[in-house]
>>> print(open('work_10.txt').read())   # compact mmCIF, C-alpha atoms and all ligand atoms
# COMPACT_ATOMS: atom_id res chain seq x y z
CA MET A 1294 -26.61 69.58 46.49
CA ASN A 1295 -27.28 65.84 46.46
CA ILE A 1296 -24.76 63.52 44.88
CA ALA A 1297 -24.83 59.78 44.28
CA ILE A 1298 -21.86 57.43 44.10
CA ASN A 1299 -21.92 54.21 42.08
CA THR A 1300 -19.36 51.42 41.95
CA GLY A 1301 -19.91 49.29 38.84
CA GLY A 1302 -18.26 46.27 37.22
CA GLY A 1303 -15.60 44.11 38.84
CA ASP A 1304 -14.31 45.34 42.18
CA ALA A 1305 -10.75 46.65 42.53
CA PRO A 1306 -8.61 47.49 45.56
CA GLY A 1307 -8.91 51.23 46.22
CA LEU A 1308 -12.66 51.57 45.62
CA ASN A 1309 -13.32 52.20 49.30
CA ALA A 1310 -10.61 54.85 49.50
CA ALA A 1311 -12.22 56.65 46.52
CA ILE A 1312 -15.67 56.43 48.16
CA ARG A 1313 -14.23 57.81 51.40
CA ALA A 1314 -12.51 60.79 49.80
CA ALA A 1315 -15.51 61.65 47.62
CA THR A 1316 -17.86 61.38 50.59
CA LEU A 1317 -15.74 63.48 52.96
CA ALA A 1318 -14.98 66.12 50.31
CA ALA A 1319 -18.69 66.41 49.48
CA LEU A 1320 -19.84 66.50 53.11
CA LYS A 1321 -17.25 69.22 53.77
CA ARG A 1322 -19.07 71.35 51.19
CA GLY A 1323 -22.39 70.77 52.96
CA TRP A 1324 -23.75 68.36 50.34
CA ASN A 1325 -25.71 65.14 50.89
CA VAL A 1326 -24.09 61.92 49.67
CA TYR A 1327 -25.97 58.78 48.63
CA GLY A 1328 -24.29 55.51 47.73
CA ILE A 1329 -26.07 53.31 45.20
CA ARG A 1330 -26.40 49.80 46.60
CA ASN A 1331 -24.88 47.03 44.45
CA GLY A 1332 -24.72 48.98 41.19
CA TYR A 1333 -27.47 50.35 38.96
CA GLY A 1334 -29.49 47.11 39.18
CA SER A 1335 -30.74 48.12 42.63
CA ILE A 1336 -32.26 51.37 41.32
CA PHE A 1337 -35.58 49.56 40.96
CA THR A 1338 -35.67 48.26 44.48
CA ASP A 1339 -37.54 50.11 47.25
CA ASP A 1340 -34.33 51.25 48.87
CA PRO A 1341 -31.65 51.89 46.21
CA PHE A 1342 -29.61 54.45 48.11
CA VAL A 1343 -27.69 54.43 51.36
CA GLN A 1344 -26.92 57.87 52.77
CA LEU A 1345 -23.25 58.26 53.63
CA TYR A 1346 -21.90 60.11 56.65
CA PRO A 1347 -18.37 60.45 58.05
CA ARG A 1348 -18.99 57.36 60.19
CA SER A 1349 -19.99 55.34 57.09
CA VAL A 1350 -16.55 55.82 55.55
CA ARG A 1351 -14.43 55.61 58.70
CA GLY A 1352 -11.53 53.12 58.57
CA ILE A 1353 -12.15 51.88 55.03
CA THR A 1354 -9.13 53.27 53.15
CA PHE A 1355 -7.21 50.03 53.59
CA GLN A 1356 -10.12 47.69 52.84
CA GLY A 1357 -10.52 45.82 49.56
CA GLY A 1358 -13.91 45.37 47.87
CA THR A 1359 -16.54 48.14 48.00
CA ILE A 1360 -18.77 49.04 50.92
CA LEU A 1361 -21.52 49.83 48.39
CA GLY A 1362 -21.43 46.48 46.59
CA THR A 1363 -21.13 46.16 42.82
CA ALA A 1364 -22.45 44.10 39.91
CA ASN A 1365 -21.23 43.40 36.44
CA ARG A 1366 -24.75 42.68 35.27
CA GLY A 1367 -25.97 46.17 36.04
CA ASN A 1368 -26.01 47.88 32.65
CA PRO A 1369 -29.28 49.89 32.67
CA PHE A 1370 -29.35 49.77 28.86
CA GLU A 1371 -29.15 45.95 28.90
CA MET A 1372 -30.51 44.91 32.27
CA PRO A 1373 -30.93 41.12 32.53
CA TYR A 1374 -34.31 39.68 33.55
CA VAL A 1375 -36.09 36.36 33.31
CA ASP A 1376 -39.27 36.35 31.19
CA GLU A 1377 -42.48 34.39 31.96
CA ASP A 1378 -41.13 31.30 30.18
CA GLY A 1379 -37.96 31.33 32.28
CA ASN A 1380 -35.72 32.67 29.51
CA GLU A 1381 -32.96 35.14 30.41
CA LYS A 1382 -33.27 38.35 28.41
CA THR A 1383 -32.18 42.00 28.64
CA ARG A 1384 -34.16 45.24 28.46
CA ASP A 1385 -33.43 48.99 28.47
CA VAL A 1386 -34.41 50.44 31.85
CA SER A 1387 -32.35 53.62 31.61
CA ASP A 1388 -35.43 55.89 31.64
CA GLN A 1389 -36.48 54.39 34.97
CA LEU A 1390 -33.02 55.08 36.30
CA VAL A 1391 -33.30 58.73 35.27
CA GLU A 1392 -36.75 58.91 36.92
CA THR A 1393 -35.35 57.47 40.16
CA PHE A 1394 -32.56 60.04 40.15
CA ASP A 1395 -35.10 62.84 39.56
CA LYS A 1396 -37.38 61.53 42.30
CA HIS A 1397 -34.49 61.62 44.79
CA ASN A 1398 -33.26 65.03 43.54
CA ILE A 1399 -29.81 63.70 42.65
CA ASP A 1400 -27.84 66.57 41.09
CA ALA A 1401 -24.73 64.66 40.05
CA LEU A 1402 -23.35 61.15 39.95
CA VAL A 1403 -19.81 59.97 40.69
CA ALA A 1404 -19.44 56.87 38.51
CA ILE A 1405 -16.51 54.77 39.65
CA GLY A 1406 -15.88 52.14 37.03
CA GLY A 1407 -14.00 50.61 34.16
CA ASP A 1408 -14.48 50.79 30.41
CA GLY A 1409 -17.97 49.24 30.61
CA SER A 1410 -19.03 51.76 33.25
CA MET A 1411 -17.66 54.64 31.18
CA ARG A 1412 -19.66 53.46 28.13
CA ILE A 1413 -22.77 53.41 30.33
CA ALA A 1414 -21.87 56.82 31.81
CA ASN A 1415 -21.55 58.30 28.34
CA LYS A 1416 -25.05 57.11 27.45
CA LEU A 1417 -26.49 58.39 30.75
CA VAL A 1418 -24.94 61.80 30.06
CA GLN A 1419 -27.00 61.89 26.88
CA LYS A 1420 -30.07 61.29 29.04
CA GLY A 1421 -29.28 64.40 31.05
CA ILE A 1422 -27.47 63.00 34.10
CA ASN A 1423 -24.49 65.05 35.33
CA ILE A 1424 -21.61 62.63 35.73
CA VAL A 1425 -18.00 62.66 36.86
CA GLY A 1426 -16.13 59.39 36.30
CA ILE A 1427 -13.32 57.81 38.31
CA PRO A 1428 -11.16 55.26 36.46
CA LYS A 1429 -11.21 51.90 38.22
CA THR A 1430 -10.01 48.53 37.02
CA ILE A 1431 -7.18 46.15 37.80
CA ASP A 1432 -6.81 45.78 34.01
CA ASN A 1433 -5.41 49.35 33.59
CA ASP A 1434 -7.03 49.52 30.16
CA ILE A 1435 -9.09 52.73 30.38
CA TYR A 1436 -8.23 55.00 27.50
CA GLY A 1437 -6.99 58.50 28.28
CA CYS A 1438 -5.40 57.87 31.67
CA ASP A 1439 -1.96 56.70 32.72
CA VAL A 1440 -3.17 54.45 35.50
CA THR A 1441 -6.39 53.15 37.00
CA LEU A 1442 -7.09 52.48 40.64
CA GLY A 1443 -6.55 48.82 41.58
CA PHE A 1444 -3.86 48.09 39.00
CA ASP A 1445 -0.87 48.54 41.29
CA THR A 1446 -2.33 46.19 43.91
CA ALA A 1447 -3.18 43.54 41.32
CA VAL A 1448 0.35 43.69 39.90
CA THR A 1449 1.83 43.47 43.40
CA THR A 1450 -0.31 40.44 44.24
CA ALA A 1451 0.54 38.75 40.92
CA THR A 1452 4.25 39.46 41.37
CA GLU A 1453 4.27 37.96 44.87
CA ALA A 1454 2.48 34.85 43.57
CA LEU A 1455 4.91 34.54 40.65
CA ASP A 1456 7.89 34.80 43.01
CA LYS A 1457 6.48 31.88 45.00
CA ILE A 1458 5.68 29.78 41.96
CA THR A 1459 9.21 30.35 40.61
CA THR A 1460 10.82 28.57 43.56
CA THR A 1461 8.64 25.47 43.11
CA ALA A 1462 9.22 25.54 39.32
CA GLU A 1463 12.96 25.50 39.93
CA ALA A 1464 12.77 22.79 42.58
CA HIS A 1465 10.83 20.46 40.25
CA HIS A 1466 12.50 21.42 36.95
CA ARG A 1467 9.07 22.19 35.55
CA LEU A 1468 7.45 24.54 33.09
CA MET A 1469 5.06 26.71 35.05
CA VAL A 1470 2.40 28.61 33.12
CA VAL A 1471 0.64 31.25 35.21
CA GLU A 1472 -2.50 32.95 33.93
CA VAL A 1473 -3.20 36.49 35.06
CA MET A 1474 -6.22 38.74 34.45
CA GLY A 1475 -6.35 41.84 32.28
CA ARG A 1476 -9.03 41.10 29.68
CA TYR A 1477 -7.83 42.24 26.25
CA ALA A 1478 -4.80 44.15 27.59
CA GLY A 1479 -1.47 42.78 28.78
CA TRP A 1480 -0.66 45.32 31.50
CA ILE A 1481 -0.84 42.97 34.50
CA ALA A 1482 1.07 40.21 32.69
CA LEU A 1483 3.80 42.56 31.47
CA HIS A 1484 4.36 44.43 34.73
CA SER A 1485 4.20 41.38 37.03
CA GLY A 1486 6.18 39.23 34.58
CA ILE A 1487 9.06 41.69 34.35
CA SER A 1488 9.02 42.32 38.10
CA SER A 1489 9.22 38.62 38.93
CA SER A 1490 11.90 37.87 36.29
CA ALA A 1491 9.64 35.62 34.25
CA ASP A 1492 11.23 33.94 31.23
CA VAL A 1493 8.28 34.26 28.87
CA ILE A 1494 5.42 36.81 28.91
CA LEU A 1495 2.45 36.38 26.57
CA ILE A 1496 0.13 39.37 26.11
CA PRO A 1497 -2.88 39.99 23.87
CA GLU A 1498 -1.06 42.74 22.01
CA ILE A 1499 1.55 40.24 20.69
CA PRO A 1500 0.09 37.00 19.28
CA PHE A 1501 2.51 34.19 20.17
CA THR A 1502 3.93 31.12 18.45
CA TYR A 1503 4.80 27.90 20.29
CA ASP A 1504 8.06 27.71 18.30
CA SER A 1505 9.28 30.90 19.94
CA ILE A 1506 8.49 29.66 23.47
CA VAL A 1507 10.02 26.22 22.81
CA GLN A 1508 13.21 27.89 21.57
CA LYS A 1509 13.42 29.86 24.81
CA ILE A 1510 12.91 26.70 26.90
CA LYS A 1511 15.66 24.90 24.93
CA GLU A 1512 18.09 27.80 25.33
CA ARG A 1513 17.50 27.69 29.07
CA GLU A 1514 18.02 23.92 29.21
CA GLN A 1515 21.37 24.40 27.46
CA ARG A 1516 22.33 26.89 30.18
CA ASN A 1517 21.34 24.38 32.89
CA ARG A 1518 18.14 26.24 33.69
CA HIS A 1519 15.78 23.30 33.83
CA TYR A 1520 12.66 25.26 34.62
CA THR A 1521 10.82 28.05 32.80
CA MET A 1522 8.32 30.59 34.13
CA ILE A 1523 5.68 31.63 31.62
CA VAL A 1524 3.20 34.40 32.45
CA VAL A 1525 0.19 34.47 30.17
CA ALA A 1526 -2.50 37.13 30.09
CA GLU A 1527 -6.02 35.67 29.99
CA GLY A 1528 -6.62 37.48 26.67
CA ALA A 1529 -3.43 36.28 24.96
CA LYS A 1530 -3.79 34.13 21.89
CA GLU A 1531 -1.69 32.14 19.48
CA LYS A 1532 -0.88 33.77 16.16
CA ASP A 1533 -3.89 33.04 13.92
CA GLY A 1534 -5.54 31.42 16.95
CA GLU A 1535 -8.61 32.31 18.98
CA LEU A 1536 -9.29 33.62 22.46
CA VAL A 1537 -9.83 30.93 25.08
CA THR A 1538 -13.14 31.64 26.80
CA LYS A 1539 -15.54 30.20 29.33
CA GLY A 1540 -18.71 31.38 27.65
CA LYS A 1541 -21.06 34.28 28.22
CA SER A 1542 -24.18 34.78 30.32
CA VAL A 1543 -27.00 37.14 29.37
CA GLY A 1544 -26.15 40.77 30.11
CA GLN A 1545 -22.48 39.99 30.77
CA GLU A 1546 -19.31 40.21 28.75
CA VAL A 1547 -17.65 37.04 27.59
CA ARG A 1548 -15.56 35.37 30.33
CA LEU A 1549 -11.95 34.76 29.44
CA GLY A 1550 -9.96 31.89 30.93
CA GLY A 1551 -8.20 28.62 30.21
CA ILE A 1552 -5.25 29.76 28.10
CA ALA A 1553 -2.66 28.70 30.72
CA GLU A 1554 -3.78 25.08 30.72
CA ARG A 1555 -3.77 24.99 26.95
CA VAL A 1556 -0.27 26.46 26.73
CA ALA A 1557 1.05 24.15 29.47
CA ASN A 1558 -0.28 21.02 27.73
CA GLU A 1559 1.03 22.06 24.34
CA LEU A 1560 4.50 22.88 25.69
CA SER A 1561 4.72 19.54 27.52
CA GLU A 1562 3.93 17.72 24.30
CA ARG A 1563 6.45 19.72 22.33
CA THR A 1564 9.32 19.59 24.86
CA GLY A 1565 8.65 16.41 26.83
CA LYS A 1566 8.98 18.45 30.01
CA GLU A 1567 6.54 18.29 32.89
CA SER A 1568 4.33 21.36 33.14
CA ARG A 1569 1.72 22.80 35.48
CA SER A 1570 -0.72 25.65 35.00
CA VAL A 1571 -1.92 28.05 37.68
CA VAL A 1572 -4.75 30.56 37.33
CA LEU A 1573 -4.38 33.46 39.76
CA GLY A 1574 -7.95 34.58 39.10
CA HIS A 1575 -9.83 36.77 41.56
CA LEU A 1576 -6.95 36.72 44.02
CA GLN A 1577 -5.73 39.69 41.96
CA ARG A 1578 -8.87 41.70 42.69
CA GLY A 1579 -8.87 41.22 46.44
CA GLY A 1580 -6.96 42.37 49.47
CA SER A 1581 -5.82 45.64 50.88
CA PRO A 1582 -4.79 48.31 48.34
CA THR A 1583 -1.12 49.23 48.12
CA THR A 1584 -0.07 52.66 49.37
CA TYR A 1585 0.04 53.87 45.78
CA ASP A 1586 -3.51 52.66 45.08
CA ARG A 1587 -4.78 54.18 48.34
CA LEU A 1588 -3.27 57.52 47.46
CA ILE A 1589 -4.48 57.72 43.87
CA SER A 1590 -7.93 56.50 44.92
CA LEU A 1591 -8.19 59.24 47.55
CA ARG A 1592 -6.94 61.75 44.98
CA PHE A 1593 -9.52 60.56 42.42
CA GLY A 1594 -12.34 60.78 44.98
CA ALA A 1595 -11.50 64.32 46.07
CA ALA A 1596 -10.83 65.45 42.47
CA ALA A 1597 -14.25 64.18 41.37
CA ILE A 1598 -15.93 66.38 43.98
CA ARG A 1599 -13.89 69.44 42.91
CA CYS A 1600 -15.06 68.74 39.36
CA ILE A 1601 -18.71 68.67 40.49
CA ALA A 1602 -18.19 71.83 42.56
CA ASP A 1603 -16.94 73.55 39.37
CA LYS A 1604 -20.00 72.16 37.52
CA ASP A 1605 -17.49 70.65 35.13
CA PHE A 1606 -19.64 67.62 34.31
CA ASN A 1607 -19.28 64.63 32.04
CA LYS A 1608 -15.58 64.33 32.68
CA LEU A 1609 -13.34 61.50 33.83
CA VAL A 1610 -10.77 62.52 36.40
CA ALA A 1611 -7.57 60.99 35.09
CA LEU A 1612 -3.92 60.94 36.06
CA ARG A 1613 -1.71 62.12 33.26
CA ASP A 1614 1.98 62.57 34.06
CA ASN A 1615 0.87 62.59 37.72
CA ILE A 1616 -1.35 65.61 37.12
CA MET A 1617 -5.06 65.28 37.77
CA ALA A 1618 -6.65 65.96 34.39
CA ARG A 1619 -10.32 66.15 33.42
CA VAL A 1620 -11.02 64.19 30.24
CA PRO A 1621 -14.41 64.36 28.44
CA ILE A 1622 -16.12 60.99 28.92
CA ASP A 1623 -17.25 60.92 25.29
CA GLU A 1624 -13.60 61.08 24.21
CA ILE A 1625 -12.68 57.88 26.02
CA ALA A 1626 -15.90 55.81 26.09
CA GLY A 1627 -15.71 52.70 23.93
CA LYS A 1628 -11.93 52.95 23.48
CA MET A 1629 -9.29 50.79 25.11
CA LYS A 1630 -5.73 51.40 26.27
CA SER A 1631 -3.53 48.53 25.11
CA VAL A 1632 0.17 48.10 25.87
CA PRO A 1633 1.91 50.18 23.17
CA LEU A 1634 4.26 48.04 21.14
CA ASP A 1635 6.94 50.72 21.35
CA SER A 1636 6.61 51.24 25.11
CA ASP A 1637 9.71 51.49 27.25
CA THR A 1638 8.39 48.76 29.56
CA LEU A 1639 7.94 46.30 26.71
CA GLN A 1640 11.36 47.20 25.36
CA THR A 1641 12.80 46.62 28.84
CA ALA A 1642 11.38 43.08 28.81
CA ARG A 1643 13.04 42.37 25.50
CA ASP A 1644 16.33 44.03 26.54
CA ILE A 1645 16.66 41.81 29.61
CA GLY A 1646 16.05 38.67 27.57
CA ILE A 1647 12.38 37.94 28.26
CA CYS A 1648 10.69 36.10 25.39
CA MET A 1649 7.47 37.86 24.35
CA GLY A 1650 6.31 34.87 22.33
CA ASP A 1651 6.91 36.41 18.89
O1 LIG A 1701 -12.15 43.69 34.55
C1 LIG A 1701 -11.65 43.11 35.69
C2 LIG A 1701 -11.63 41.61 35.56
O2 LIG A 1701 -11.09 41.07 36.74
C3 LIG A 1701 -10.91 41.06 34.33
O3 LIG A 1701 -9.52 41.09 34.48
C4 LIG A 1701 -11.51 39.69 34.22
O4 LIG A 1701 -11.50 39.21 32.89
C5 LIG A 1701 -12.93 39.92 34.66
O5 LIG A 1701 -12.95 41.10 35.43
C6 LIG A 1701 -13.50 38.79 35.48
O6 LIG A 1701 -14.82 39.07 35.77
P1 LIG A 1701 -15.73 38.21 36.73
O7 LIG A 1701 -15.56 38.76 38.11
O8 LIG A 1701 -17.09 38.43 36.21
O9 LIG A 1701 -15.28 36.79 36.65
>>> encode(input="work_10.txt", output="structure tokens")
Amino acid sequence: MNIAINTGGGDAPGLNAAIRAATLAALKRGWNVYGIRNGYGSIFTDDPFVQLYPRSVRGITFQGGTILGTANRGNPFEMPYVDEDGNEKTRDVSDQLVETFDKHNIDALVAIGGDGSMRIANKLVQKGINIVGIPKTIDNDIYGCDVTLGFDTAVTTATEALDKITTTAEAHHRLMVVEVMGRYAGWIALHSGISSSADVILIPEIPFTYDSIVQKIKEREQRNRHYTMIVVAEGAKEKDGELVTKGKSVGQEVRLGGIAERVANELSERTGKESRSVVLGHLQRGGSPTTYDRLISLRFGAAAIRCIADKDFNKLVALRDNIMARVPIDEIAGKMKSVPLDSDTLQTARDIGICMGD
């Protein structure tokens, strides 16, 4: 049995732990394990695979990033290239990918990735590749699973940063607007905002109005709280407003970013208070995974190999109520898990007086 492991899309803390567990569990069964270098884009190079042994995965559980490398411009159905005139374009190279897998006698693929990777996996399944998916993204937005690897670490990092920014906000009597990642879902903003006792949390699921935030700031001023902490998800937007973006390159999804600065400027104008904006950015993707992320990543890696051993292909291993479930990839591909408006966590925010911008 020969299996390949791919890490695709943005990195997330816990990837290496998942690679380690999958590798060791496969080697224990006498299989050969090949890591794909830097995502599917490398499939067309002379040396796309790196064979993994116990020594290759020694001491990596606590390391951030991915020993295999990754790319978010590695969609084989829309692979970017530059034509003769220097224009960036995309082309479908999925058949070549299948040929490369056949040539190397790869029997199954462990696809560790986010929603984009699961959409790709679903299309590769239709081309005959046996796949087991592992849910990875700091955004926690993969449909069909309670939690994704990397989320807990990102929330922990964001919470620690928010704690620090709160003390300087208070010292200077400022409005501090902190932008966190999460794409079109507000999981990181909600969890880190509640955990750091933010005053306002703005998430994509709840379009905000400036009036609501200004009212919260004024209430705090009346109670001698001359600073306000505002956590804004990069995908949040004003009611009837638009997403704030940084453009799009060929073969990539649109880049979100800039909402914090916009909100900070607008609130200064409306309240006369000094404001600052901070973008936490890729800080949230880096660093050593938390214990929780290490554990679930190891569990995902080992579970993926059990799935392959059972020949139970085209499934995503997913935690549901802390039980390792196997969810058909075609049931979750192309869907997104948003923060439910009736969730207990969201209700908790409201119950403890956090303004959700509505
Ligand atoms: O999906 C993970 C994520 O970090 C998002 O939260 C963010 O919008 C995006 O990736 C950033 O991607 P890039 O690394 O291409 O800037």
>>> atom_distance(input="work_10.txt", atom1="atom O4 of ligand LIG 1701 (chain A)", atom2="atom CA of Ser1542 of chain A")
13.7 Å
>>> closest_atom_pairs(input="work_10.txt", of="segment 1368-1448 of chain A", to="segment 1580-1584 of chain A", cutoff="8 Å", atoms="all atoms listed in the file", output="CSV")
residue,atom,partner,partner_atom,distance
A:Gly1443,CA,A:Pro1582,CA,7.0
A:Asp1445,CA,A:Thr1583,CA,6.9
A:Thr1446,CA,A:Thr1583,CA,5.3
>>> residues_around(input="work_10.txt", residues="segment 1619-1628 of chain A", least_positions_apart="4", cutoff="8 Å", atoms="only C-alpha atoms", output="ChimeraX atom specification")
/A:1408-1409,1411-1412,1414-1415,1426,1435-1437,1607-1611
>>> closest_residue(input="work_10.txt", among="A:Glu1453, A:Val1403, A:Asn1299, A:Ile1413", to="Leu1576 of chain A", atoms="only C-alpha atoms")
A:Glu1453
>>> closest_atom_pairs(input="work_10.txt", of="chain A", to="ligand LIG 1701 (chain A)", cutoff="6 Å", atoms="all atoms listed in the file", output="CSV")
residue,atom,partner,partner_atom,distance
A:Gly1303,CA,A:LIG1701,C1,5.2
A:Thr1430,CA,A:LIG1701,C1,5.8
A:Ile1431,CA,A:LIG1701,C1,5.8
A:Asp1432,CA,A:LIG1701,O3,5.4
A:Met1474,CA,A:LIG1701,O3,4.1
A:Gly1475,CA,A:LIG1701,O3,3.9
A:Arg1476,CA,A:LIG1701,O4,4.5
A:Leu1549,CA,A:LIG1701,O4,5.6
>>> residues_around(input="work_10.txt", residues="Lys1532 of chain A", least_positions_apart="4", cutoff="6 Å", atoms="all atoms listed in the file", output="list in words")
Pro1500, Phe1501 and Thr1502 of chain A
>>> closest_atom_pairs(input="work_10.txt", of="segment 1376-1486 of chain A", to="segment 1562-1567 of chain A", cutoff="9 Å", atoms="all atoms listed in the file", output="JSON lines")
{"residue": "A:His1465", "atom": "CA", "partner": "A:Glu1567", "partner_atom": "CA", "distance": 8.8}
{"residue": "A:His1466", "atom": "CA", "partner": "A:Glu1567", "partner_atom": "CA", "distance": 7.9}
{"residue": "A:Arg1467", "atom": "CA", "partner": "A:Glu1567", "partner_atom": "CA", "distance": 5.4}
{"residue": "A:Leu1468", "atom": "CA", "partner": "A:Glu1567", "partner_atom": "CA", "distance": 6.3}
{"residue": "A:Met1469", "atom": "CA", "partner": "A:Glu1567", "partner_atom": "CA", "distance": 8.8}
>>> write_last_selection(input="work_10.txt", atoms="C-alpha atoms", output="mmCIF file, in the frame of the given file")
data_model
loop_
_atom_site.group_PDB
_atom_site.id
_atom_site.type_symbol
_atom_site.label_atom_id
_atom_site.label_comp_id
_atom_site.auth_asym_id
_atom_site.auth_seq_id
_atom_site.Cartn_x
_atom_site.Cartn_y
_atom_site.Cartn_z
ATOM 1 C CA HIS A 1465 10.830 20.460 40.250
ATOM 2 C CA HIS A 1466 12.500 21.420 36.950
ATOM 3 C CA ARG A 1467 9.070 22.190 35.550
ATOM 4 C CA LEU A 1468 7.450 24.540 33.090
ATOM 5 C CA MET A 1469 5.060 26.710 35.050
#
>>> closest_residue(input="work_10.txt", among="A:Gln1545, A:Ser1349, A:Gln1577, A:Thr1363", to="Thr1449 of chain A", atoms="all atoms listed in the file")
A:Gln1577
>>> closest_residue(input="work_10.txt", among="A:Ala1404, A:Leu1634, A:Ala1462, A:Leu1483", to="Val1418 of chain A", atoms="all atoms listed in the file")
A:Ala1404
>>> atom_distance(input="work_10.txt", atom1="atom CA of Cys1438 of chain A", atom2="atom CA of Thr1452 of chain A")
22.9 Å
>>> residues_around(input="work_10.txt", residues="Asn1331 of chain A", least_positions_apart="4", cutoff="9 Å", atoms="all atoms listed in the file", output="count of residues only")
10
>>> residues_around(input="work_10.txt", residues="Ile1298 of chain A", least_positions_apart="3", cutoff="12 Å", atoms="all atoms listed in the file", output="PDB file with C-alpha atoms, in the coordinates of the input")
ATOM      1  CA  ASN A1295     -27.280  65.840  46.460  1.00  0.00           C
ATOM      2  CA  GLY A1301     -19.910  49.290  38.840  1.00  0.00           C
ATOM      3  CA  LEU A1308     -12.660  51.570  45.620  1.00  0.00           C
ATOM      4  CA  ASN A1309     -13.320  52.200  49.300  1.00  0.00           C
ATOM      5  CA  ALA A1311     -12.220  56.650  46.520  1.00  0.00           C
ATOM      6  CA  ILE A1312     -15.670  56.430  48.160  1.00  0.00           C
ATOM      7  CA  ARG A1313     -14.230  57.810  51.400  1.00  0.00           C
ATOM      8  CA  ALA A1314     -12.510  60.790  49.800  1.00  0.00           C
ATOM      9  CA  ALA A1315     -15.510  61.650  47.620  1.00  0.00           C
ATOM     10  CA  THR A1316     -17.860  61.380  50.590  1.00  0.00           C
ATOM     11  CA  ALA A1319     -18.690  66.410  49.480  1.00  0.00           C
ATOM     12  CA  ASN A1325     -25.710  65.140  50.890  1.00  0.00           C
ATOM     13  CA  VAL A1326     -24.090  61.920  49.670  1.00  0.00           C
ATOM     14  CA  TYR A1327     -25.970  58.780  48.630  1.00  0.00           C
ATOM     15  CA  GLY A1328     -24.290  55.510  47.730  1.00  0.00           C
ATOM     16  CA  ILE A1329     -26.070  53.310  45.200  1.00  0.00           C
ATOM     17  CA  ARG A1330     -26.400  49.800  46.600  1.00  0.00           C
ATOM     18  CA  ASN A1331     -24.880  47.030  44.450  1.00  0.00           C
ATOM     19  CA  GLY A1332     -24.720  48.980  41.190  1.00  0.00           C
ATOM     20  CA  TYR A1333     -27.470  50.350  38.960  1.00  0.00           C
ATOM     21  CA  PRO A1341     -31.650  51.890  46.210  1.00  0.00           C
ATOM     22  CA  PHE A1342     -29.610  54.450  48.110  1.00  0.00           C
ATOM     23  CA  VAL A1343     -27.690  54.430  51.360  1.00  0.00           C
ATOM     24  CA  GLN A1344     -26.920  57.870  52.770  1.00  0.00           C
ATOM     25  CA  LEU A1345     -23.250  58.260  53.630  1.00  0.00           C
ATOM     26  CA  THR A1359     -16.540  48.140  48.000  1.00  0.00           C
ATOM     27  CA  ILE A1360     -18.770  49.040  50.920  1.00  0.00           C
ATOM     28  CA  LEU A1361     -21.520  49.830  48.390  1.00  0.00           C
ATOM     29  CA  GLY A1362     -21.430  46.480  46.590  1.00  0.00           C
ATOM     30  CA  THR A1363     -21.130  46.160  42.820  1.00  0.00           C
ATOM     31  CA  PHE A1394     -32.560  60.040  40.150  1.00  0.00           C
ATOM     32  CA  ILE A1399     -29.810  63.700  42.650  1.00  0.00           C
ATOM     33  CA  ASP A1400     -27.840  66.570  41.090  1.00  0.00           C
ATOM     34  CA  ALA A1401     -24.730  64.660  40.050  1.00  0.00           C
ATOM     35  CA  LEU A1402     -23.350  61.150  39.950  1.00  0.00           C
ATOM     36  CA  VAL A1403     -19.810  59.970  40.690  1.00  0.00           C
ATOM     37  CA  ALA A1404     -19.440  56.870  38.510  1.00  0.00           C
ATOM     38  CA  ILE A1405     -16.510  54.770  39.650  1.00  0.00           C
ATOM     39  CA  GLY A1406     -15.880  52.140  37.030  1.00  0.00           C
ATOM     40  CA  ASN A1423     -24.490  65.050  35.330  1.00  0.00           C
ATOM     41  CA  ILE A1424     -21.610  62.630  35.730  1.00  0.00           C
ATOM     42  CA  VAL A1425     -18.000  62.660  36.860  1.00  0.00           C
ATOM     43  CA  GLY A1426     -16.130  59.390  36.300  1.00  0.00           C
ATOM     44  CA  ILE A1427     -13.320  57.810  38.310  1.00  0.00           C
ATOM     45  CA  GLY A1594     -12.340  60.780  44.980  1.00  0.00           C
ATOM     46  CA  ALA A1597     -14.250  64.180  41.370  1.00  0.00           C
ATOM     47  CA  ILE A1598     -15.930  66.380  43.980  1.00  0.00           C
TER      48      ILE A1598
END
